[in-house]
$ cat upload_28.txt   # compact mmCIF, C-alpha atoms
# COMPACT_ATOMS: atom_id res chain seq x y z
CA MET X 1178 -58.77 18.03 19.91
CA GLU X 1179 -56.48 17.35 22.83
CA ASN X 1180 -55.65 13.90 21.48
CA LEU X 1181 -54.48 15.55 18.26
CA LEU X 1182 -52.53 18.46 19.71
CA ARG X 1183 -50.69 16.50 22.36
CA PRO X 1184 -48.76 14.24 19.89
CA LEU X 1185 -47.97 17.24 17.69
CA ILE X 1186 -46.65 19.21 20.64
CA VAL X 1187 -44.53 16.32 21.95
CA VAL X 1188 -43.07 15.28 18.60
CA GLY X 1189 -42.74 18.83 17.26
CA GLY X 1190 -41.19 20.05 20.49
CA SER X 1191 -38.65 17.22 20.42
CA VAL X 1192 -37.73 17.97 16.82
CA VAL X 1193 -37.42 21.73 17.39
CA LEU X 1194 -35.42 21.31 20.58
CA THR X 1195 -33.13 18.82 18.87
CA LEU X 1196 -32.49 21.19 15.96
CA VAL X 1197 -31.85 24.15 18.27
CA ILE X 1198 -29.42 22.27 20.52
CA GLY X 1199 -27.70 20.69 17.50
CA TRP X 1200 -27.32 24.06 15.76
CA ALA X 1201 -25.97 25.69 18.93
CA THR X 1202 -23.45 22.89 19.47
CA ASP X 1203 -22.31 23.01 15.84
CA PHE X 1204 -21.97 26.81 16.05
CA LEU X 1205 -19.74 26.52 19.12
CA LEU X 1206 -17.60 23.85 17.48
CA ARG X 1207 -17.22 25.95 14.34
CA LYS X 1208 -16.14 28.98 16.38
CA ALA X 1209 -13.66 26.87 18.33
CA ASP X 1210 -12.27 25.49 15.08
CA GLU X 1211 -11.76 29.01 13.73
CA ARG X 1212 -9.92 30.13 16.87
CA HIS X 1213 -7.68 27.10 17.28
CA HIS X 1214 -6.00 26.48 13.94
CA GLU X 1215 -3.24 24.41 15.55
CA THR X 1216 -5.60 21.47 16.12
CA GLN X 1217 -8.25 19.85 13.98
CA LEU X 1218 -10.17 18.32 16.88
CA TRP X 1219 -13.10 20.72 16.73
CA GLY X 1220 -13.48 20.34 12.99
CA LEU X 1221 -13.45 16.56 13.27
CA LEU X 1222 -16.01 16.63 16.09
CA ARG X 1223 -18.44 18.35 13.72
CA ARG X 1224 -18.63 15.09 11.76
CA GLY X 1225 -20.65 13.66 14.61
CA ARG X 1226 -23.48 16.19 14.42
CA ILE X 1227 -25.89 13.73 12.76
CA PRO X 1228 -25.56 10.95 15.39
CA TYR X 1229 -25.53 13.68 18.07
CA GLN X 1230 -28.89 14.99 16.89
CA LEU X 1231 -30.27 11.45 16.67
CA VAL X 1232 -29.25 10.84 20.28
CA LEU X 1233 -30.94 14.07 21.36
CA PHE X 1234 -34.13 13.33 19.45
CA ALA X 1235 -34.39 9.72 20.69
CA ALA X 1236 -33.65 10.72 24.29
CA LEU X 1237 -36.15 13.62 24.29
CA LEU X 1238 -38.90 11.63 22.64
CA ARG X 1239 -38.20 8.56 24.79
CA GLY X 1240 -38.56 10.60 27.96
CA SER X 1241 -41.62 12.60 26.91
CA TYR X 1242 -43.88 10.23 24.99
CA ASP X 1243 -44.75 8.24 28.12
CA GLU X 1244 -45.76 11.37 30.06
CA ALA X 1245 -47.81 12.58 27.11
CA GLN X 1246 -49.64 9.23 26.97
CA LEU X 1247 -49.14 8.77 23.26
CA LEU X 1248 -50.36 5.62 21.53
CA ASP X 1249 -51.32 3.73 24.66
CA ASP X 1250 -52.06 0.58 22.67
CA ARG X 1251 -48.60 0.63 21.03
CA ARG X 1252 -46.58 2.11 23.85
CA GLU X 1253 -44.28 -0.89 24.27
CA GLY X 1254 -43.45 -1.11 20.59
CA LEU X 1255 -42.76 2.62 20.32
CA GLY X 1256 -40.62 2.58 23.43
CA GLN X 1257 -38.67 -0.41 22.07
CA ALA X 1258 -38.02 1.36 18.76
CA LEU X 1259 -36.85 4.55 20.48
CA THR X 1260 -34.55 2.56 22.76
CA LEU X 1261 -32.97 0.80 19.78
CA LEU X 1262 -32.54 4.14 18.00
CA LEU X 1263 -30.94 5.64 21.10
CA ILE X 1264 -28.47 2.77 21.51
CA GLY X 1265 -27.52 2.73 17.82
CA SER X 1266 -27.05 6.49 17.54
CA ALA X 1267 -25.07 6.57 20.80
CA ALA X 1268 -22.70 3.89 19.47
CA TRP X 1269 -22.32 5.86 16.22
CA LEU X 1270 -21.54 9.02 18.19
CA VAL X 1271 -18.95 7.24 20.36
CA ILE X 1272 -17.15 5.96 17.26
CA ARG X 1273 -17.10 9.45 15.71
CA ILE X 1274 -15.76 11.04 18.91
CA ALA X 1275 -13.10 8.35 19.32
CA GLY X 1276 -12.07 8.77 15.69
CA ALA X 1277 -11.76 12.54 16.09
CA ILE X 1278 -9.58 12.19 19.18
CA VAL X 1279 -7.34 9.55 17.61
CA GLU X 1280 -6.95 11.44 14.33
CA THR X 1281 -6.08 14.64 16.17
CA SER X 1282 -3.47 12.90 18.30
CA TYR X 1283 -1.92 11.24 15.26
CA ALA X 1284 -1.85 14.49 13.25
CA ARG X 1285 -0.09 16.28 16.09
CA TYR X 1286 2.44 13.47 16.43
CA ALA X 1287 3.03 13.24 12.66
CA SER X 1288 3.57 16.99 12.27
CA ALA X 1289 6.22 16.91 14.99
CA ARG X 1290 8.13 13.85 13.69
CA ALA X 1291 7.40 13.68 9.96
CA HIS X 1292 10.83 15.07 8.98
CA ARG X 1293 12.89 13.48 11.75
CA ASP X 1294 11.53 9.92 11.78
CA PRO X 1295 9.12 9.14 8.90
CA ALA X 1296 9.37 5.39 9.52
CA ARG X 1297 8.12 5.86 13.07
CA VAL X 1298 5.23 7.99 11.78
CA ARG X 1299 4.16 5.23 9.37
CA ARG X 1300 4.33 2.71 12.18
CA VAL X 1301 2.11 4.84 14.42
CA ARG X 1302 -0.36 5.34 11.58
CA THR X 1303 -0.61 1.58 11.08
CA GLN X 1304 -1.25 1.09 14.79
CA VAL X 1305 -3.81 3.91 14.89
CA THR X 1306 -5.70 2.45 11.94
CA LEU X 1307 -5.95 -0.97 13.51
CA ILE X 1308 -6.86 0.47 16.91
CA MET X 1309 -9.74 2.41 15.37
CA ARG X 1310 -10.99 -0.73 13.64
CA VAL X 1311 -10.86 -2.63 16.92
CA VAL X 1312 -12.66 0.17 18.78
CA SER X 1313 -15.36 0.32 16.10
CA ALA X 1314 -15.80 -3.44 16.23
CA VAL X 1315 -16.00 -3.49 20.04
CA VAL X 1316 -18.49 -0.61 20.16
CA GLY X 1317 -20.58 -2.25 17.44
CA VAL X 1318 -20.65 -5.59 19.27
CA VAL X 1319 -21.57 -3.94 22.58
CA ALA X 1320 -24.32 -1.91 20.88
CA ALA X 1321 -25.72 -5.00 19.15
CA ALA X 1322 -25.67 -6.95 22.42
CA SER X 1323 -27.40 -4.07 24.23
CA MET X 1324 -30.10 -3.97 21.57
CA LEU X 1325 -30.69 -7.70 21.84
CA LEU X 1326 -30.92 -7.55 25.63
CA THR X 1327 -33.79 -5.08 25.38
CA PHE X 1328 -35.99 -7.93 24.13
CA PRO X 1329 -37.47 -10.06 26.93
CA ALA X 1330 -37.00 -13.28 24.95
CA PHE X 1331 -33.24 -12.77 24.77
CA ARG X 1332 -33.00 -11.93 28.46
CA ALA X 1333 -34.79 -15.17 29.30
CA ALA X 1334 -32.42 -17.14 27.11
CA GLY X 1335 -29.35 -15.46 28.58
CA ALA X 1336 -28.77 -18.13 31.23
CA SER X 1337 -28.78 -20.97 28.72
CA LEU X 1338 -26.56 -19.05 26.35
CA LEU X 1339 -24.00 -18.41 29.08
CA ALA X 1340 -24.10 -22.08 30.07
CA SER X 1341 -23.25 -23.16 26.52
CA ALA X 1342 -20.79 -20.35 25.89
CA GLY X 1343 -17.78 -22.60 26.48
CA ILE X 1344 -18.85 -25.19 23.90
CA LEU X 1345 -19.85 -22.51 21.40
CA GLY X 1346 -16.50 -20.78 21.89
CA ILE X 1347 -14.61 -23.97 21.11
CA VAL X 1348 -16.73 -24.66 18.03
CA ALA X 1349 -16.38 -21.04 16.83
CA GLY X 1350 -12.63 -21.13 17.40
CA VAL X 1351 -12.22 -24.29 15.31
CA ALA X 1352 -14.53 -23.00 12.55
CA ALA X 1353 -12.87 -19.58 12.40
CA GLN X 1354 -9.30 -20.73 12.86
CA SER X 1355 -7.99 -18.97 9.74
CA THR X 1356 -9.85 -15.78 10.56
CA LEU X 1357 -8.54 -15.73 14.12
CA SER X 1358 -4.98 -16.41 12.93
CA ASN X 1359 -5.22 -13.49 10.51
CA MET X 1360 -6.59 -11.28 13.27
CA PHE X 1361 -3.75 -12.09 15.65
CA ALA X 1362 -1.30 -11.66 12.77
CA GLY X 1363 -2.77 -8.19 12.21
CA PHE X 1364 -2.02 -7.25 15.82
CA GLN X 1365 1.46 -8.70 15.47
CA ILE X 1366 2.12 -6.60 12.35
CA ALA X 1367 0.75 -3.44 13.95
CA PHE X 1368 2.73 -3.63 17.17
CA GLY X 1369 5.69 -5.70 16.00
CA ASP X 1370 6.78 -3.10 13.40
CA MET X 1371 7.13 -5.73 10.67
CA VAL X 1372 5.40 -3.76 7.90
CA ARG X 1373 3.68 -0.37 7.92
CA ILE X 1374 1.41 1.65 5.70
CA GLY X 1375 3.57 3.35 3.07
CA ASP X 1376 6.41 0.79 3.18
CA THR X 1377 7.93 -0.41 -0.09
CA VAL X 1378 7.85 -4.21 -0.17
CA VAL X 1379 8.57 -7.06 -2.57
CA VAL X 1380 6.13 -9.96 -2.17
CA ASP X 1381 6.23 -13.00 -4.46
CA GLY X 1382 8.32 -11.03 -6.94
CA GLU X 1383 5.87 -8.10 -7.01
CA TRP X 1384 7.20 -4.66 -6.06
CA GLY X 1385 4.78 -2.16 -4.53
CA THR X 1386 3.73 0.03 -1.61
CA VAL X 1387 1.60 -1.06 1.34
CA GLU X 1388 -1.66 0.85 0.89
CA GLU X 1389 -3.98 -0.61 3.54
CA ILE X 1390 -3.68 -2.89 6.57
CA THR X 1391 -6.71 -4.38 8.30
CA LEU X 1392 -7.12 -7.08 10.92
CA THR X 1393 -7.45 -9.79 8.26
CA PHE X 1394 -5.88 -8.63 4.97
CA LEU X 1395 -3.24 -6.31 3.56
CA THR X 1396 -3.30 -4.45 0.23
CA VAL X 1397 -0.14 -3.76 -1.81
CA HIS X 1398 -0.31 -1.07 -4.52
CA THR X 1399 2.09 -2.17 -7.28
CA TRP X 1400 4.08 0.12 -9.55
CA ASP X 1401 1.76 -0.67 -12.50
CA GLU X 1402 -1.38 0.48 -10.61
CA ARG X 1403 -2.53 -3.00 -9.56
CA ARG X 1404 -3.74 -3.92 -6.08
CA ILE X 1405 -2.64 -7.20 -4.52
CA THR X 1406 -4.72 -8.28 -1.52
CA MET X 1407 -3.07 -10.82 0.76
CA PRO X 1408 -3.90 -12.28 4.19
CA VAL X 1409 -1.85 -10.67 6.92
CA SER X 1410 -0.80 -14.13 8.12
CA TYR X 1411 1.40 -14.31 4.99
CA PHE X 1412 3.73 -11.66 6.42
CA THR X 1413 4.16 -13.55 9.69
CA SER X 1414 4.82 -16.95 8.12
CA LYS X 1415 6.83 -16.27 4.94
CA PRO X 1416 9.88 -14.12 4.14
CA PHE X 1417 9.41 -10.86 2.22
CA GLU X 1418 11.50 -7.81 1.38
CA ASN X 1419 10.80 -4.53 3.16
CA TRP X 1420 12.82 -1.79 1.53
CA SER X 1421 11.57 0.81 4.01
CA ARG X 1422 12.74 -1.06 7.10
CA GLY X 1423 15.10 1.16 9.06
CA THR X 1424 16.29 3.94 6.77
CA PRO X 1425 14.77 4.25 3.28
CA GLN X 1426 18.18 4.89 1.67
CA MET X 1427 19.12 2.32 -0.97
CA THR X 1428 22.03 1.28 -3.19
CA GLY X 1429 21.33 0.28 -6.78
CA ILE X 1430 23.32 -1.77 -9.30
CA VAL X 1431 23.66 -1.24 -13.06
CA PHE X 1432 25.40 -3.79 -15.32
CA TRP X 1433 26.84 -3.41 -18.83
CA HIS X 1434 28.49 -5.90 -21.16
CA VAL X 1435 31.17 -4.17 -23.21
CA ASP X 1436 34.08 -5.07 -25.41
CA HIS X 1437 37.50 -5.85 -23.92
CA THR X 1438 38.83 -2.60 -25.37
CA ALA X 1439 36.22 -0.45 -23.58
CA PRO X 1440 37.64 2.65 -21.78
CA VAL X 1441 36.79 1.75 -18.18
CA ASP X 1442 38.45 4.86 -16.73
CA ALA X 1443 36.49 7.11 -19.10
CA MET X 1444 33.29 5.26 -18.18
CA ARG X 1445 34.01 5.94 -14.52
CA GLU X 1446 34.37 9.66 -15.20
CA LYS X 1447 31.22 9.67 -17.34
CA LEU X 1448 29.31 7.98 -14.51
CA ARG X 1449 30.34 10.81 -12.20
CA ASP X 1450 29.12 13.41 -14.72
CA ILE X 1451 25.79 11.60 -15.22
CA LEU X 1452 25.14 11.43 -11.48
CA ARG X 1453 25.94 15.08 -10.95
CA GLU X 1454 23.20 15.98 -13.44
CA CYS X 1455 20.68 13.50 -12.00
CA PRO X 1456 18.42 15.09 -9.32
CA ALA X 1457 17.45 11.69 -7.89
CA TRP X 1458 21.04 10.87 -6.84
CA ASP X 1459 21.55 11.68 -3.16
CA GLY X 1460 25.31 12.27 -3.50
CA ARG X 1461 26.35 9.66 -0.94
CA ALA X 1462 28.42 7.28 -3.07
CA TYR X 1463 29.07 5.80 -6.50
CA ASN X 1464 31.48 3.29 -7.98
CA LEU X 1465 32.29 1.54 -11.26
CA CYS X 1466 34.42 -1.58 -11.66
CA VAL X 1467 34.89 -4.68 -13.81
CA THR X 1468 33.25 -7.62 -12.06
CA ASP X 1469 33.53 -10.41 -14.63
CA THR X 1470 34.96 -11.30 -18.03
CA THR X 1471 33.93 -13.68 -20.82
CA PRO X 1472 35.73 -14.67 -24.03
CA SER X 1473 33.91 -11.86 -25.88
CA THR X 1474 32.87 -9.19 -23.31
CA LEU X 1475 33.62 -7.51 -20.01
CA GLN X 1476 30.97 -7.18 -17.31
CA VAL X 1477 31.06 -3.69 -15.83
CA ARG X 1478 29.10 -2.88 -12.66
CA ALA X 1479 28.12 0.56 -11.36
CA LEU X 1480 26.92 1.22 -7.80
CA VAL X 1481 24.71 4.26 -7.18
CA THR X 1482 22.77 5.50 -4.16
CA ALA X 1483 19.47 7.31 -3.58
CA LYS X 1484 17.25 8.35 -0.70
CA ASP X 1485 14.46 5.82 -1.35
CA ALA X 1486 13.25 3.06 -3.66
CA ASP X 1487 11.56 5.38 -6.16
CA ASP X 1488 14.68 7.50 -6.63
CA ILE X 1489 17.01 4.52 -6.93
CA TRP X 1490 14.91 3.26 -9.84
CA THR X 1491 15.15 6.67 -11.52
CA VAL X 1492 18.92 6.82 -11.03
CA ARG X 1493 19.47 3.31 -12.40
CA VAL X 1494 17.49 3.80 -15.60
CA ALA X 1495 19.10 7.21 -16.22
CA VAL X 1496 22.63 5.87 -15.75
CA ARG X 1497 22.00 2.82 -17.93
CA GLU X 1498 20.49 4.81 -20.79
CA GLN X 1499 22.96 7.70 -20.84
CA MET X 1500 26.03 5.47 -20.55
CA VAL X 1501 24.97 3.31 -23.51
CA ARG X 1502 24.21 6.42 -25.57
CA TRP X 1503 27.63 7.91 -24.70
CA LEU X 1504 29.43 4.71 -25.67
CA ALA X 1505 27.57 4.54 -28.98
CA ASP X 1506 28.43 8.17 -29.81
CA GLU X 1507 31.99 8.48 -28.44
CA HIS X 1508 33.34 4.93 -28.26
CA PRO X 1509 31.38 2.67 -30.61
CA TYR X 1510 34.19 0.10 -30.59
CA ALA X 1511 33.45 -0.50 -26.88
CA LEU X 1512 30.03 -2.01 -27.56
CA PRO X 1513 29.81 -5.81 -27.69
CA ARG X 1514 30.69 -7.29 -31.08
CA VAL X 1515 30.55 -10.75 -32.64
CA ASN X 1516 33.97 -11.45 -34.19
CA THR X 1517 34.03 -13.51 -37.38
CA ALA X 1518 36.99 -14.88 -39.47
CA ASP X 1519 37.49 -16.83 -42.71
CA ALA X 1520 37.68 -20.58 -42.39
CA LEU X 1521 41.16 -22.11 -42.59
CA LEU X 1522 41.45 -24.30 -45.78
CA PRO X 1523 44.08 -26.97 -46.55
CA PRO X 1524 46.96 -25.93 -48.86
CA SER X 1525 45.94 -28.51 -51.52
CA TRP X 1526 42.56 -26.89 -52.05
CA ASN X 1527 42.18 -26.01 -55.77
CA GLY X 1528 39.28 -23.61 -55.59
CA HIS X 1529 36.53 -26.20 -55.94
CA ARG X 1530 34.41 -27.39 -53.05
CA PRO X 1531 34.99 -31.13 -52.55
CA SER X 1532 32.07 -33.45 -52.61
CA GLN X 1533 30.98 -35.75 -49.82
CA ASP X 1534 33.02 -38.67 -51.19
CA GLY X 1535 36.15 -36.58 -51.78
CA VAL X 1536 35.87 -36.50 -55.60
CA PRO X 1537 35.76 -33.01 -57.16
CA PRO X 1538 32.59 -32.23 -59.16
CA GLN X 1539 34.49 -31.86 -62.44
CA GLN X 1540 35.87 -35.41 -62.19
CA ARG X 1541 32.58 -37.06 -61.24
CA ARG X 1542 30.85 -39.09 -63.95
CA TYR X 1543 27.10 -38.86 -64.22
CA HIS X 1544 24.87 -41.40 -65.93
CA GLY X 1545 21.50 -40.70 -67.44
CA SER X 1546 19.44 -38.05 -65.69
CA ALA X 1547 21.58 -38.15 -62.58
CA ARG X 1548 23.75 -35.29 -63.87
CA PRO X 1549 22.64 -32.05 -62.21
CA GLU X 1550 21.59 -29.11 -64.33
CA ARG X 1551 23.69 -25.98 -64.32

$ encode --input "upload_28.txt" --output "structure tokens"
Amino acid sequence: MENLLRPLIVVGGSVVLTLVIGWATDFLLRKADERHHETQLWGLLRRGRIPYQLVLFAALLRGSYDEAQLLDDRREGLGQALTLLLIGSAAWLVIRIAGAIVETSYARYASARAHRDPARVRRVRTQVTLIMRVVSAVVGVVAAASMLLTFPAFRAAGASLLASAGILGIVAGVAAQSTLSNMFAGFQIAFGDMVRIGDTVVVDGEWGTVEEITLTFLTVHTWDERRITMPVSYFTSKPFENWSRGTPQMTGIVFWHVDHTAPVDAMREKLRDILRECPAWDGRAYNLCVTDTTPSTLQVRALVTAKDADDIWTVRVAVREQMVRWLADEHPYALPRVNTADALLPPSWNGHRPSQDGVPPQQRRYHGSARPER
């Protein structure tokens, strides 16, 4: 009877104690989150309640099963499993706590500078994202190494592994050269302020917004809802356009080809009226002038401004469409035309088209069936 009750008491007591401590901790975090609305730290810490309870359960059971003399014939295997569970859950908990602290710090920084310096906020977010990925990778590697070192066979082979670490490092470096270059390029992008999450870029003729940056690849969300995934080393080795670098304000260009008689002064006034009714125009500047001429048309260019890339696109299409509609309604003669004129004929032409040999058709003699039918 004692052999049956003792395992139930040890295991059941560990489970009950884990649930009680976990519930009490979660209750305190929830109360702290309700009292301190200015920070989201306590709410984010609640995400770690599952690994926290796993750590408690593994630690309690690991410390009590030996004293309770449970499963004497399988004591080593049970202890090994509980140790692995404790290390894994502890690493999971550390990652959740680090993520909560980093997210809270970033949210506080972003709320204070979002309106004054949005570019700086995007830069910090890119750095925070990569830092969290590095921290998660480091914690995961340390946890995996700690798990492996719990096995006697790996501890015995540790000396030989350390002795060959130099050769293995060289071989791994050569084999993973592209991966390592992308990883270092990711650090260069994060801390060199070359491109940030949320920046508007043009890469290989594709216009889009940077959606995700990792240590090895970067994702661009294009205007037509496509995702372009590229290695981060591309942005450190090839030129690209970053429309969000510095200030997001932009100047756009609209071209028209009109007739030489087009009312340029009236077009300039109409451009002003169109921009005043366009919410996307930021009111900084506008201009309209003739930039080129051809034998049949004038090339008219309008310059408009907006606060970012999305608005400059809206302003350009609105100006182009409304100006063409206004010209068609008010000044149709100003639209491009193809001029045609009658051909100049010699004065001796008598109304009949000459033939190829210069003999008029009425004077040509036909023989047999060669005469054409009328």

$ closest_residue --input "upload_28.txt" --among "X:Arg1514, X:Arg1302, X:Arg1273, X:Arg1373" --to "X:Ile1227" --atoms "only C-alpha atoms"
X:Arg1273

$ residues_near_point --input "upload_28.txt" --point "(-12.6, 6.5, 17.2)" --cutoff "9 Å" --atoms "all atoms listed in the file" --output "list in words"
Val1271, Ile1272, Arg1273, Ile1274, Ala1275, Gly1276, Ala1277, Ile1278, Val1279, Glu1280, Ile1308, Met1309, Arg1310, Val1312 and Ser1313 of chain X

$ atom_distance --input "upload_28.txt" --atom1 "atom CA of X:Ser1266" --atom2 "atom CA of X:Pro1228"
5.2 Å

$ closest_residue --input "upload_28.txt" --among "X:Thr1202, X:Thr1491, X:Ser1191, X:Thr1386" --to "X:Trp1420" --atoms "all atoms listed in the file"
X:Thr1386

$ axis_aligned_box --input "upload_28.txt" --around "stretch 1460-1465 of chain X" --padding-each-side "8 Å" --output "JSON"
{"center_x": 28.8, "center_y": 6.9, "center_z": -6.1, "size_x": 23.0, "size_y": 26.7, "size_z": 26.3}

$ closest_residue --input "upload_28.txt" --among "X:Ala1267, X:Val1477, X:Ile1198, X:Ala1284" --to "X:Thr1216" --atoms "all atoms listed in the file"
X:Ala1284

$ atom_distance --input "upload_28.txt" --atom1 "atom CA of X:Asp1376" --atom2 "atom CA of X:Glu1418"
10.2 Å

$ closest_residue --input "upload_28.txt" --among "X:Val1319, X:Val1378, X:Ile1390, X:Leu1325" --to "X:Arg1300" --atoms "only C-alpha atoms"
X:Ile1390
